[in-house]
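Colleague: So that you have it, the file is entry-v9.txt, and it contains compact mmCIF, C-alpha atoms:
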# COMPACT_ATOMS: atom_id res chain seq x y z
CA MET A 1 0.00 0.00 0.00
CA ASN A 2 1.44 3.36 -1.00
CA TYR A 3 0.87 5.79 1.87
CA VAL A 4 1.86 8.98 0.05
CA ALA A 5 -0.51 8.18 -2.84
CA THR A 6 -3.34 7.33 -0.44
CA PHE A 7 -3.02 10.63 1.44
CA ALA A 8 -2.76 12.50 -1.87
CA ARG A 9 -6.19 11.00 -2.75
CA PHE A 10 -7.49 12.06 0.67
CA ALA A 11 -6.24 15.61 0.06
CA GLU A 12 -8.06 15.70 -3.28
CA HIS A 13 -11.29 14.59 -1.66
CA LEU A 14 -10.95 17.25 1.04
CA ASN A 15 -10.43 19.83 -1.71
CA ASN A 16 -13.53 18.46 -3.47
CA LEU A 17 -15.53 18.93 -0.25
CA CYS A 18 -14.28 22.50 -0.09
CA ALA A 19 -15.64 23.11 -3.61
CA ASP A 20 -18.93 21.32 -2.75
CA LEU A 21 -19.31 23.73 0.19
CA ASP A 22 -18.93 26.67 -2.22
CA LYS A 23 -21.84 25.24 -4.20
CA ALA A 24 -23.81 24.79 -0.98
CA VAL A 25 -23.27 28.45 -0.07
CA ALA A 26 -24.38 29.56 -3.55
CA TYR A 27 -27.48 27.36 -3.27
CA ALA A 28 -28.34 28.83 0.13
CA ALA A 29 -27.95 32.37 -1.26
CA GLU A 30 -30.18 31.53 -4.23
CA LYS A 31 -32.85 30.00 -1.99
CA LYS A 32 -32.33 32.69 0.67
CA PHE A 33 -31.56 30.51 3.68
CA ASP A 34 -28.69 30.47 6.15
CA PRO A 35 -26.00 27.97 5.00
CA ALA A 36 -25.60 26.97 8.66
CA VAL A 37 -28.85 25.05 8.17
CA LEU A 38 -26.93 22.69 5.91
CA LEU A 39 -24.10 22.35 8.45
CA ASN A 40 -26.68 21.08 10.92
CA ALA A 41 -28.38 18.72 8.46
CA ARG A 42 -28.06 14.95 8.88
CA LEU A 43 -29.39 11.81 7.19
CA ALA A 44 -30.53 10.08 10.38
CA PRO A 45 -31.21 11.54 13.83
CA ASP A 46 -28.47 9.41 15.36
CA GLN A 47 -25.86 10.15 12.70
CA PHE A 48 -23.42 13.08 12.67
CA ASN A 49 -24.48 16.31 10.96
CA LEU A 50 -22.63 17.75 7.96
CA MET A 51 -20.29 19.83 10.14
CA ARG A 52 -19.23 16.81 12.16
CA GLN A 53 -18.94 14.53 9.10
CA ILE A 54 -16.43 16.96 7.60
CA GLN A 55 -14.56 17.50 10.87
CA VAL A 56 -14.23 13.72 11.20
CA ALA A 57 -13.08 13.33 7.59
CA CYS A 58 -10.40 15.95 8.36
CA ASP A 59 -9.38 14.10 11.50
CA ASN A 60 -9.32 10.71 9.76
CA ALA A 61 -6.83 12.11 7.26
CA LYS A 62 -4.77 14.20 9.69
CA ASN A 63 -4.57 11.71 12.54
CA GLY A 64 -4.21 8.78 10.17
CA ALA A 65 -1.12 10.32 8.59
CA GLY A 66 0.21 11.30 12.03
CA ARG A 67 -0.25 7.81 13.48
CA LEU A 68 1.26 6.02 10.48
CA ALA A 69 4.27 8.36 10.41
CA ASP A 70 4.51 8.46 14.23
CA ARG A 71 4.45 12.24 14.09
CA THR A 72 2.48 14.67 16.26
CA VAL A 73 -0.08 16.63 14.25
CA PRO A 74 -1.72 19.93 15.26
CA ALA A 75 -5.00 19.69 17.17
CA HIS A 76 -8.23 21.27 15.94
CA ALA A 77 -10.74 22.40 18.55
CA ASP A 78 -13.90 21.43 16.62
CA ASN A 79 -15.21 24.93 17.18
CA GLU A 80 -16.01 25.89 13.58
CA ALA A 81 -19.33 27.71 13.29
CA THR A 82 -19.45 28.69 9.61
CA VAL A 83 -18.81 27.17 6.21
CA ALA A 84 -15.80 29.49 5.78
CA GLU A 85 -14.24 28.24 9.03
CA LEU A 86 -14.82 24.65 7.96
CA GLN A 87 -13.14 25.37 4.63
CA THR A 88 -10.17 26.88 6.48
CA ARG A 89 -9.81 23.63 8.40
CA LEU A 90 -10.11 21.55 5.21
CA LYS A 91 -7.35 23.60 3.59
CA ALA A 92 -5.11 23.34 6.66
CA VAL A 93 -5.39 19.54 6.59
CA VAL A 94 -4.74 19.43 2.84
CA GLU A 95 -1.57 21.45 3.40
CA LEU A 96 -0.49 19.26 6.29
CA LEU A 97 -0.98 16.07 4.25
CA GLY A 98 1.36 17.45 1.59
CA SER A 99 4.17 17.58 4.16
CA PHE A 100 4.37 13.77 4.55
CA ASP A 101 6.77 12.15 2.08
CA GLU A 102 7.65 8.53 1.43
CA ALA A 103 10.41 8.64 4.08
CA ALA A 104 7.90 9.76 6.72
CA PHE A 105 6.08 6.43 6.36
CA ALA A 106 9.14 4.19 6.70
CA GLY A 107 8.12 1.23 8.84
CA ALA A 108 4.44 2.22 8.76
CA ASP A 109 3.28 -1.25 7.60
CA GLU A 110 4.42 -2.81 10.88
CA ARG A 111 3.73 0.14 13.19
CA VAL A 112 1.45 -0.62 16.17
CA ILE A 113 -1.70 1.50 15.96
CA ALA A 114 -3.84 1.40 19.11
CA LEU A 115 -6.90 3.65 19.28
CA PRO A 116 -8.27 4.50 22.73
CA TYR A 117 -11.58 2.72 22.04
CA TRP A 118 -10.01 -0.58 20.94
CA GLY A 119 -9.73 -1.85 24.51
CA GLY A 120 -5.95 -2.34 24.55
CA ARG A 121 -5.91 -4.18 21.22
CA TYR A 122 -4.07 -2.88 18.16
CA MET A 123 -3.74 -3.15 14.40
CA THR A 124 -0.60 -3.07 12.32
CA GLY A 125 -0.24 0.09 10.24
CA ALA A 126 -1.00 -1.83 7.03
CA ASP A 127 -4.23 -3.27 8.51
CA TYR A 128 -5.20 0.10 10.02
CA LEU A 129 -4.93 1.77 6.61
CA ALA A 130 -6.82 -0.88 4.64
CA HIS A 131 -9.44 -2.03 7.15
CA TYR A 132 -10.10 1.18 9.04
CA LEU A 133 -8.74 4.43 7.68
CA VAL A 134 -9.62 4.14 3.98
CA PRO A 135 -13.21 2.87 4.44
CA ASN A 136 -13.80 5.37 7.27
CA PHE A 137 -12.48 8.35 5.35
CA TYR A 138 -14.58 7.64 2.27
CA PHE A 139 -17.57 6.97 4.53
CA HIS A 140 -17.46 10.47 5.99
CA VAL A 141 -16.68 12.18 2.68
CA THR A 142 -19.54 10.33 0.96
CA THR A 143 -21.97 11.07 3.76
CA ALA A 144 -21.09 14.78 3.69
CA TYR A 145 -21.71 14.79 -0.07
CA SER A 146 -24.99 12.89 0.38
CA ILE A 147 -26.25 15.33 3.03
CA LEU A 148 -25.78 18.14 0.49
CA ARG A 149 -27.44 16.14 -2.33
CA HIS A 150 -30.30 15.17 -0.01
CA ASN A 151 -30.89 18.86 0.71
CA GLY A 152 -31.02 19.88 -2.93
CA VAL A 153 -27.49 21.14 -3.61
CA SER A 154 -26.79 20.41 -7.28
CA LEU A 155 -23.83 18.03 -7.16
CA GLY A 156 -22.89 15.20 -9.48
CA LYS A 157 -20.57 12.23 -9.21
CA LEU A 158 -17.60 14.20 -10.54
CA ASP A 159 -17.96 16.64 -7.63
CA TYR A 160 -17.28 13.60 -5.46
CA LEU A 161 -14.57 11.97 -7.57
CA GLY A 162 -12.79 15.17 -8.61
CA ARG A 163 -10.47 15.45 -11.57
CA LEU A 164 -9.47 12.04 -12.91
CA PRO A 165 -5.94 11.36 -14.23
CA LEU A 166 -7.18 10.41 -17.70
CA ARG A 167 -4.55 10.10 -20.44
CA LEU A 168 -4.77 10.43 -24.19
CA PRO A 169 -3.75 7.34 -26.15
CA ALA A 170 -0.42 7.63 -27.95
CA THR A 171 -0.89 8.61 -31.58
CA GLN A 172 0.23 6.04 -34.11
CA GLY A 173 2.43 6.54 -37.18
CA MET B 1 -1.24 -1.01 -4.04
CA ASN B 2 -2.04 -4.61 -3.17
CA TYR B 3 -4.86 -5.75 -5.45
CA VAL B 4 -5.68 -8.99 -3.66
CA ALA B 5 -5.95 -7.19 -0.31
CA THR B 6 -8.11 -4.43 -1.82
CA PHE B 7 -10.58 -6.90 -3.30
CA ALA B 8 -10.62 -8.86 -0.05
CA ARG B 9 -11.77 -5.62 1.65
CA PHE B 10 -14.40 -5.15 -1.06
CA ALA B 11 -15.65 -8.70 -0.46
CA GLU B 12 -15.96 -8.00 3.26
CA HIS B 13 -17.98 -4.86 2.59
CA LEU B 14 -20.30 -6.76 0.23
CA ASN B 15 -20.79 -9.35 2.98
CA ASN B 16 -21.52 -6.52 5.42
CA LEU B 17 -24.19 -5.19 3.04
CA CYS B 18 -25.70 -8.67 2.91
CA ALA B 19 -25.98 -8.65 6.72
CA ASP B 20 -27.36 -5.07 6.69
CA LEU B 21 -30.08 -6.28 4.32
CA ASP B 22 -31.01 -9.02 6.81
CA LYS B 23 -31.51 -6.28 9.41
CA ALA B 24 -33.56 -4.29 6.89
CA VAL B 25 -35.85 -7.28 6.29
CA ALA B 26 -36.28 -7.80 10.03
CA TYR B 27 -37.10 -4.09 10.46
CA ALA B 28 -39.69 -4.24 7.66
CA ALA B 29 -41.30 -7.30 9.27
CA GLU B 30 -41.41 -5.57 12.67
CA LYS B 31 -42.94 -2.42 11.17
CA LYS B 32 -45.15 -4.48 8.80
CA PHE B 33 -44.09 -3.00 5.48
CA ASP B 34 -42.79 -4.58 2.27
CA PRO B 35 -38.95 -4.56 2.27
CA ALA B 36 -39.13 -3.66 -1.43
CA VAL B 37 -40.02 -0.15 -0.23
CA LEU B 38 -36.44 0.11 1.06
CA LEU B 39 -35.01 -1.18 -2.24
CA ASN B 40 -36.73 1.74 -3.95
CA ALA B 41 -35.66 4.33 -1.37
CA ARG B 42 -33.09 6.99 -2.30
CA LEU B 43 -31.48 10.03 -0.65
CA ALA B 44 -32.12 12.45 -3.54
CA PRO B 45 -34.58 12.20 -6.43
CA ASP B 46 -31.74 12.15 -8.96
CA GLN B 47 -29.60 9.61 -7.14
CA PHE B 48 -29.79 5.81 -7.51
CA ASN B 49 -32.12 3.90 -5.19
CA LEU B 50 -30.85 1.25 -2.75
CA MET B 51 -31.23 -1.59 -5.26
CA ARG B 52 -29.14 0.22 -7.85
CA GLN B 53 -26.53 1.41 -5.30
CA ILE B 54 -25.91 -2.23 -4.35
CA GLN B 55 -25.94 -3.46 -7.96
CA VAL B 56 -23.35 -0.81 -8.80
CA ALA B 57 -21.20 -1.67 -5.78
CA CYS B 58 -21.28 -5.31 -7.00
CA ASP B 59 -20.30 -4.23 -10.51
CA ASN B 60 -17.54 -1.91 -9.27
CA ALA B 61 -15.97 -4.87 -7.49
CA LYS B 62 -16.62 -7.51 -10.17
CA ASN B 63 -15.71 -5.43 -13.23
CA GLY B 64 -12.84 -3.74 -11.42
CA ALA B 65 -11.20 -7.08 -10.68
CA GLY B 66 -11.95 -8.29 -14.22
CA ARG B 67 -10.43 -5.21 -15.85
CA LEU B 68 -7.32 -5.18 -13.67
CA ALA B 69 -6.73 -8.91 -14.25
CA ASP B 70 -7.77 -8.70 -17.93
CA ARG B 71 -10.24 -11.50 -17.32
CA THR B 72 -13.85 -11.81 -18.52
CA VAL B 73 -16.29 -11.85 -15.63
CA PRO B 74 -19.87 -13.16 -15.69
CA ALA B 75 -22.59 -10.61 -16.54
CA HIS B 76 -25.49 -9.83 -14.23
CA ALA B 77 -28.79 -8.75 -15.83
CA ASP B 78 -29.77 -6.19 -13.16
CA ASN B 79 -33.13 -7.90 -12.87
CA GLU B 80 -33.20 -8.52 -9.11
CA ALA B 81 -36.63 -7.75 -7.63
CA THR B 82 -36.24 -8.83 -4.00
CA VAL B 83 -33.78 -8.52 -1.15
CA ALA B 84 -33.09 -12.25 -1.39
CA GLU B 85 -32.16 -11.95 -5.07
CA LEU B 86 -29.89 -9.01 -4.29
CA GLN B 87 -28.20 -11.03 -1.55
CA THR B 88 -27.66 -13.87 -4.03
CA ARG B 89 -25.87 -11.44 -6.33
CA LEU B 90 -23.76 -10.06 -3.47
CA LYS B 91 -22.70 -13.59 -2.53
CA ALA B 92 -21.88 -14.48 -6.15
CA VAL B 93 -19.59 -11.45 -6.42
CA VAL B 94 -17.92 -12.24 -3.09
CA GLU B 95 -17.21 -15.76 -4.33
CA LEU B 96 -15.89 -14.47 -7.65
CA LEU B 97 -13.54 -12.00 -5.93
CA GLY B 98 -12.02 -14.88 -3.98
CA SER B 99 -10.92 -16.49 -7.24
CA PHE B 100 -8.41 -13.71 -8.09
CA ASP B 101 -4.96 -14.34 -6.67
CA GLU B 102 -1.75 -12.27 -6.74
CA ALA B 103 -0.72 -13.85 -10.06
CA ALA B 104 -4.00 -12.75 -11.68
CA PHE B 105 -2.99 -9.11 -11.17
CA ALA B 106 0.50 -9.39 -12.66
CA GLY B 107 1.07 -6.26 -14.74
CA ALA B 108 -2.12 -4.60 -13.45
CA ASP B 109 -0.31 -1.39 -12.39
CA GLU B 110 0.52 -0.58 -16.04
CA ARG B 111 -2.60 -2.06 -17.66
CA VAL B 112 -4.59 0.33 -19.87
CA ILE B 113 -8.10 0.77 -18.48
CA ALA B 114 -10.49 2.59 -20.85
CA LEU B 115 -14.13 2.91 -19.82
CA PRO B 116 -16.69 3.55 -22.59
CA TYR B 117 -17.62 6.98 -21.14
CA TRP B 118 -14.04 8.30 -20.96
CA GLY B 119 -14.09 9.46 -24.58
CA GLY B 120 -11.14 7.41 -25.78
CA ARG B 121 -8.93 8.37 -22.84
CA TYR B 122 -7.57 5.84 -20.37
CA MET B 123 -6.04 5.39 -16.94
CA THR B 124 -3.27 3.05 -15.89
CA GLY B 125 -4.44 0.21 -13.69
CA ALA B 126 -2.77 1.78 -10.65
CA ASP B 127 -4.51 5.13 -11.24
CA TYR B 128 -7.84 3.42 -11.98
CA LEU B 129 -7.70 1.59 -8.65
CA ALA B 130 -6.70 4.59 -6.52
CA HIS B 131 -8.56 7.44 -8.23
CA TYR B 132 -11.68 5.68 -9.44
CA LEU B 133 -12.41 2.19 -8.20
CA VAL B 134 -11.72 2.56 -4.47
CA PRO B 135 -13.55 5.91 -3.97
CA ASN B 136 -16.44 4.73 -6.17
CA PHE B 137 -16.86 1.41 -4.42
CA TYR B 138 -16.94 2.97 -0.95
CA PHE B 139 -19.28 5.67 -2.26
CA HIS B 140 -21.92 3.13 -3.27
CA VAL B 141 -21.49 0.96 -0.17
CA THR B 142 -21.77 4.01 2.11
CA THR B 143 -24.79 5.36 0.26
CA ALA B 144 -26.55 1.99 0.50
CA TYR B 145 -25.86 1.95 4.24
CA SER B 146 -27.05 5.57 4.59
CA ILE B 147 -30.31 4.87 2.74
CA LEU B 148 -31.04 2.17 5.31
CA ARG B 149 -30.06 4.42 8.24
CA HIS B 150 -32.13 7.26 6.79
CA ASN B 151 -35.16 4.96 6.74
CA GLY B 152 -34.81 3.86 10.33
CA VAL B 153 -32.97 0.55 10.07
CA SER B 154 -30.90 0.21 13.24
CA LEU B 155 -27.32 0.09 11.97
CA GLY B 156 -24.10 1.32 13.55
CA LYS B 157 -20.64 2.07 12.26
CA LEU B 158 -19.46 -1.49 12.86
CA ASP B 159 -22.16 -2.76 10.48
CA TYR B 160 -20.37 -0.68 7.87
CA LEU B 161 -16.78 -1.46 8.86
CA GLY B 162 -17.29 -5.13 9.68
CA ARG B 163 -14.98 -7.20 11.80
CA LEU B 164 -11.66 -5.44 12.40
CA PRO B 165 -8.35 -7.37 12.50
CA LEU B 166 -7.55 -6.25 16.05
CA ARG B 167 -4.70 -8.03 17.81
CA LEU B 168 -3.93 -8.59 21.45
CA PRO B 169 -0.62 -7.16 22.65
CA ALA B 170 2.06 -9.75 23.39
CA THR B 171 2.19 -10.56 27.11
CA GLN B 172 5.42 -9.67 28.85
CA GLY B 173 7.48 -11.82 31.16
Reformat the file's structure so that it appears as C-alpha cells.
Modeller:
Amino acid sequence: MNYVATFARFAEHLNNLCADLDKAVAYAAEKKFDPAVLLNARLAPDQFNLMRQIQVACDNAKNGAGRLADRTVPAHADNEATVAELQTRLKAVVELLGSFDEAAFAGADERVIALPYWGGRYMTGADYLAHYLVPNFYFHVTTAYSILRHNGVSLGKLDYLGRLPLRLPATQG
Amino acid sequence: MNYVATFARFAEHLNNLCADLDKAVAYAAEKKFDPAVLLNARLAPDQFNLMRQIQVACDNAKNGAGRLADRTVPAHADNEATVAELQTRLKAVVELLGSFDEAAFAGADERVIALPYWGGRYMTGADYLAHYLVPNFYFHVTTAYSILRHNGVSLGKLDYLGRLPLRLPATQG
C-alpha cells in the first residue's frame, strides 16, 4: 500500500468537499436561507451532521497520517461555526498532508496503531490503513456529499470523484 | 497497491451489506411493510435507489477485478426484484472475488483501463484503482448503508466497517 498516494487522494477529496461547500453556499444564497442550516443537516437523527462529518473526515486524514508516520499533528478544537471556518480547516489539513513524504512512512506497515476505544488491542499500520482508515475516510466524505445532495445542492458524481488522471492514447504513425 | 488485499476488503464490505439487508428485512417485518419499499428508497430524487446502489457496488468490485486482471467476468442482468435476489448477487460477487490471486494481477499497475464513457482516454491500472475504483466502491457501499439508516434501520458504524483485524498485545514476562 502506498501511503503517500493514499493521502494525496485524501487531500483531493478534502479539496472536493471545499468546492462542494462553495456550491452549498451559492445554493443557500439563491434559496435565501442560512448555510448553517446545511451544516446542521443529517441523514438520520443518530448520525453526525454535515459539520461533524467533515470534521471527522479531516481528523481521519490528519490523525491517520500522524499515526502512520509516528508524528504529532496539530489539534483542531472542533469549534467551527461557519462554512468558511470549515473550509479553512479543510485547507489546513490538505496542506499538512502534503508535508508527509515517502520517508515519513518508513516502517508504517508494521507500526502498532492502538486507538483509545479498541480496549488495549491494536492493528498493524497496514491493517489500520486498509481495514479502518480508507473505508472510514470515504464513509465520511460520501456522507457529507450525500447530506448536500439530499438537501437539494446540485452536485454530481464528478464533484465527489474530482479530476481524474485520464490520459490520451499515444498517436500512431 | 495490493490488489488482492483491496478486493478482499471489497468482499468484506459486500458481505456486510448482505448482513445489513437481513436487518432491513427484520425491520420491515417488525414495522409491517414490504422490504421492497427500502429497495426503492433513495437520498435524492436524482440519485440511484438502494437496489441500484448495491448493484453498482457489486459491478464496481466484479468489473474492477476483471479489468485489472484482464479476465472476462460473468454478466449480471440487473433484474433482481427482491432482497433475497440481491443477496444472491452479493454472494456471487464475493465468491468471484475470492478467485483472483496475486498472479491474476500481474502487470495490473501498467494495464490500460479505458471505460466507454471516458471518450477514448484511459487510466493506468494503478490510477484506476486509486482514483476511481476505491472511492467509487466505498461511495456506493456508504450510500446503500445511509439509505437504510435514513429509513430507520438500526445500523451502527461497525455494520459498515465489519470485523476489524484487532490483535492482542504480546504478554510480557
Colleague: Within 12 Å of (-36.8, -6.7, -8.1), only C-alpha atoms: residues as a PDB file with C-alpha atoms, keeping the file's coordinate frame?
Modeller:
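For reference, selection.pdb as written:
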ATOM      1  CA  PRO B  35     -38.950  -4.560   2.270  1.00  0.00           C
ATOM      2  CA  ALA B  36     -39.130  -3.660  -1.430  1.00  0.00           C
ATOM      3  CA  VAL B  37     -40.020  -0.150  -0.230  1.00  0.00           C
ATOM      4  CA  LEU B  38     -36.440   0.110   1.060  1.00  0.00           C
ATOM      5  CA  LEU B  39     -35.010  -1.180  -2.240  1.00  0.00           C
ATOM      6  CA  ASN B  40     -36.730   1.740  -3.950  1.00  0.00           C
ATOM      7  CA  ASN B  49     -32.120   3.900  -5.190  1.00  0.00           C
ATOM      8  CA  LEU B  50     -30.850   1.250  -2.750  1.00  0.00           C
ATOM      9  CA  MET B  51     -31.230  -1.590  -5.260  1.00  0.00           C
ATOM     10  CA  ARG B  52     -29.140   0.220  -7.850  1.00  0.00           C
ATOM     11  CA  GLN B  55     -25.940  -3.460  -7.960  1.00  0.00           C
ATOM     12  CA  ALA B  77     -28.790  -8.750 -15.830  1.00  0.00           C
ATOM     13  CA  ASP B  78     -29.770  -6.190 -13.160  1.00  0.00           C
ATOM     14  CA  ASN B  79     -33.130  -7.900 -12.870  1.00  0.00           C
ATOM     15  CA  GLU B  80     -33.200  -8.520  -9.110  1.00  0.00           C
ATOM     16  CA  ALA B  81     -36.630  -7.750  -7.630  1.00  0.00           C
ATOM     17  CA  THR B  82     -36.240  -8.830  -4.000  1.00  0.00           C
ATOM     18  CA  VAL B  83     -33.780  -8.520  -1.150  1.00  0.00           C
ATOM     19  CA  ALA B  84     -33.090 -12.250  -1.390  1.00  0.00           C
ATOM     20  CA  GLU B  85     -32.160 -11.950  -5.070  1.00  0.00           C
ATOM     21  CA  LEU B  86     -29.890  -9.010  -4.290  1.00  0.00           C
ATOM     22  CA  GLN B  87     -28.200 -11.030  -1.550  1.00  0.00           C
TER      23      GLN B  87
END
Colleague: Residues of chain B within 8 Å of chain A: nearest atom pair and distance (Å, one decimal) for each, counting only C-alpha atoms, sorted by chain and number, as JSON lines?
Modeller:
{"residue": "B:Met1", "atom": "CA", "partner": "A:Met1", "partner_atom": "CA", "distance": 4.3}
{"residue": "B:Asn2", "atom": "CA", "partner": "A:Met1", "partner_atom": "CA", "distance": 6.0}
{"residue": "B:Thr6", "atom": "CA", "partner": "A:Ala130", "partner_atom": "CA", "distance": 7.5}
{"residue": "B:Arg9", "atom": "CA", "partner": "A:His131", "partner_atom": "CA", "distance": 7.0}
{"residue": "B:Leu43", "atom": "CA", "partner": "A:His150", "partner_atom": "CA", "distance": 5.3}
{"residue": "B:Ala44", "atom": "CA", "partner": "A:His150", "partner_atom": "CA", "distance": 4.8}
{"residue": "B:Trp118", "atom": "CA", "partner": "A:Leu166", "partner_atom": "CA", "distance": 7.9}
{"residue": "B:Gly120", "atom": "CA", "partner": "A:Leu168", "partner_atom": "CA", "distance": 7.2}
{"residue": "B:Arg121", "atom": "CA", "partner": "A:Leu168", "partner_atom": "CA", "distance": 4.8}
{"residue": "B:Tyr122", "atom": "CA", "partner": "A:Arg167", "partner_atom": "CA", "distance": 5.2}
{"residue": "B:Met123", "atom": "CA", "partner": "A:Leu166", "partner_atom": "CA", "distance": 5.2}
{"residue": "B:Asp127", "atom": "CA", "partner": "A:Pro165", "partner_atom": "CA", "distance": 7.1}
{"residue": "B:Ala130", "atom": "CA", "partner": "A:Arg9", "partner_atom": "CA", "distance": 7.5}
{"residue": "B:His131", "atom": "CA", "partner": "A:Leu164", "partner_atom": "CA", "distance": 6.6}
{"residue": "B:Tyr132", "atom": "CA", "partner": "A:Leu161", "partner_atom": "CA", "distance": 7.2}
{"residue": "B:Pro135", "atom": "CA", "partner": "A:Tyr138", "partner_atom": "CA", "distance": 6.6}
{"residue": "B:Asn136", "atom": "CA", "partner": "A:Leu161", "partner_atom": "CA", "distance": 7.6}
{"residue": "B:Tyr138", "atom": "CA", "partner": "A:Tyr138", "partner_atom": "CA", "distance": 6.1}
{"residue": "B:Phe139", "atom": "CA", "partner": "A:Thr142", "partner_atom": "CA", "distance": 5.7}
{"residue": "B:Thr142", "atom": "CA", "partner": "A:Phe139", "partner_atom": "CA", "distance": 5.7}
{"residue": "B:Thr143", "atom": "CA", "partner": "A:Thr142", "partner_atom": "CA", "distance": 7.3}
{"residue": "B:Ser146", "atom": "CA", "partner": "A:Leu43", "partner_atom": "CA", "distance": 7.2}
{"residue": "B:Arg149", "atom": "CA", "partner": "A:Ala44", "partner_atom": "CA", "distance": 6.1}
{"residue": "B:His150", "atom": "CA", "partner": "A:Ala44", "partner_atom": "CA", "distance": 4.8}
{"residue": "B:Asn151", "atom": "CA", "partner": "A:Ala44", "partner_atom": "CA", "distance": 7.8}
{"residue": "B:Gly152", "atom": "CA", "partner": "A:Ala44", "partner_atom": "CA", "distance": 7.6}
{"residue": "B:Leu161", "atom": "CA", "partner": "A:Pro135", "partner_atom": "CA", "distance": 7.1}
{"residue": "B:Leu164", "atom": "CA", "partner": "A:His131", "partner_atom": "CA", "distance": 6.6}
{"residue": "B:Pro165", "atom": "CA", "partner": "A:Met123", "partner_atom": "CA", "distance": 6.5}
{"residue": "B:Leu166", "atom": "CA", "partner": "A:Met123", "partner_atom": "CA", "distance": 5.2}
{"residue": "B:Arg167", "atom": "CA", "partner": "A:Tyr122", "partner_atom": "CA", "distance": 5.2}
{"residue": "B:Leu168", "atom": "CA", "partner": "A:Arg121", "partner_atom": "CA", "distance": 4.8}
{"residue": "B:Pro169", "atom": "CA", "partner": "A:Arg121", "partner_atom": "CA", "distance": 6.2}
Colleague: For each of B:Leu90, B:Leu68, B:Ala75, B:Ala28, take the minimum atom-to-atom distance to Gly107 in chain B, counting all atoms listed in the file, then give the residue where this is smallest.
Modeller: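 Among the listed residues, B:Leu68 lies closest to Gly107 in chain B.
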Colleague: What does the distance from CA of Leu115 in chain A to CA of Cys18 in chain B come to in Å, to one decimal?
Modeller: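 Between CA of Leu115 in chain A and CA of Cys18 in chain B the gap is 27.8 Å.
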Colleague: Tell me, as a PyMOL selection string, which residues lie within 12 Å of Ala106 in chain B, counting only C-alpha atoms; anything in the same chain fewer than 4 positions away does not count.
Modeller: chain B and resi 2-4+68-71+100-102+110-111+125-126
Colleague: Rounded to one decimal in Å, what is the spacing between CA of Lys91 in chain B and CA of Glu30 in chain B?
Modeller: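 Those two atoms sit 25.4 Å apart.
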Colleague: Enter the distance from CA of Val56 in chain A to CA of Val93 in chain A, in Å, rounded to one decimal.
Modeller: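 Going from CA of Val56 in chain A over to CA of Val93 in chain A covers 11.5 Å.
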Colleague: Identify, on the basis of all atoms listed in the file, every residue whose closest approach to range 94-98 of chain B does not exceed 10 Å; exclude the query and any residue fewer than 4 positions from it along the same chain; express the result as a list in words.
Modeller: Val4, Phe7, Ala8, Phe10, Ala11, Glu12, His13, Leu14, Asn15, Cys58, Ala61, Lys62, Gly64, Ala65, Gly66, Val73, Pro74, Thr88, Arg89 and Leu90 of chain B
Colleague: Pull range 47-78 of chain A out of the block and emit C-alpha atoms, as a tab-separated table (two decimals), in the first residue's frame.
Modeller:
chain	number	residue	atom	x	y	z
A	47	GLN	CA	-25.86	10.15	12.70
A	48	PHE	CA	-23.42	13.08	12.67
A	49	ASN	CA	-24.48	16.31	10.96
A	50	LEU	CA	-22.63	17.75	7.96
A	51	MET	CA	-20.29	19.83	10.14
A	52	ARG	CA	-19.23	16.81	12.16
A	53	GLN	CA	-18.94	14.53	9.10
A	54	ILE	CA	-16.43	16.96	7.60
A	55	GLN	CA	-14.56	17.50	10.87
A	56	VAL	CA	-14.23	13.72	11.20
A	57	ALA	CA	-13.08	13.33	7.59
A	58	CYS	CA	-10.40	15.95	8.36
A	59	ASP	CA	-9.38	14.10	11.50
A	60	ASN	CA	-9.32	10.71	9.76
A	61	ALA	CA	-6.83	12.11	7.26
A	62	LYS	CA	-4.77	14.20	9.69
A	63	ASN	CA	-4.57	11.71	12.54
A	64	GLY	CA	-4.21	8.78	10.17
A	65	ALA	CA	-1.12	10.32	8.59
A	66	GLY	CA	0.21	11.30	12.03
A	67	ARG	CA	-0.25	7.81	13.48
A	68	LEU	CA	1.26	6.02	10.48
A	69	ALA	CA	4.27	8.36	10.41
A	70	ASP	CA	4.51	8.46	14.23
A	71	ARG	CA	4.45	12.24	14.09
A	72	THR	CA	2.48	14.67	16.26
A	73	VAL	CA	-0.08	16.63	14.25
A	74	PRO	CA	-1.72	19.93	15.26
A	75	ALA	CA	-5.00	19.69	17.17
A	76	HIS	CA	-8.23	21.27	15.94
A	77	ALA	CA	-10.74	22.40	18.55
A	78	ASP	CA	-13.90	21.43	16.62
